[in-house]
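Read the structure below first, then the notes.
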Amino acid sequence: MSALSAEELEGRLNAHRELMIDMLAAMIGGEVTITQFLQRLRDDATFKDNEEDPGVMPGEGFAIENATARELRSILEAARARAAADKG
């Protein structure tokens, strides 16, 4: 595995931290907040990678946000796969 850039590492760590905070808050709040949490997770995972102008080099902040979104998408996809396996 290749070394991660500082931006990639920060983005991935941010994703895990935010996910953990949101998940615990949803669990504390009950069924309504769990539903809201799942919707926020879906929304956060849709951050796009510089689609509006592909010729522009992304800045550090954008790189961190993009890494965060990729990590959230990866976690969400794994969770969906596990949930589907548990049902079947």
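Chain labels A, B, ... are given in the sequence in which chains occur in the structure tokens; within each chain residues are numbered consecutively from 1, and ligands are likewise numbered from 1 in the order shown.
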
Original post:
Which neighbours of stretch 70-86 of chain A fall inside 12 Å, counting only C-alpha atoms, when residues of the same chain fewer than 2 positions from it are skipped, and could you give them as a PyMOL selection string?
Top reply: chain A and resi 8-20+38-49+63-68+88

Subject >> DSSP-assigned alpha helix (DSSP H) members of chain A, reported as a VMD selection string >> reply: chain A and resid 6 to 29 31 to 44 60 to 87

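Residue nearest A:Glu7 within the list A:Leu24, A:Gly29, A:Gly59, A:Phe37: A:Gly59 [criterion: smallest interatomic distance, only C-alpha atoms].
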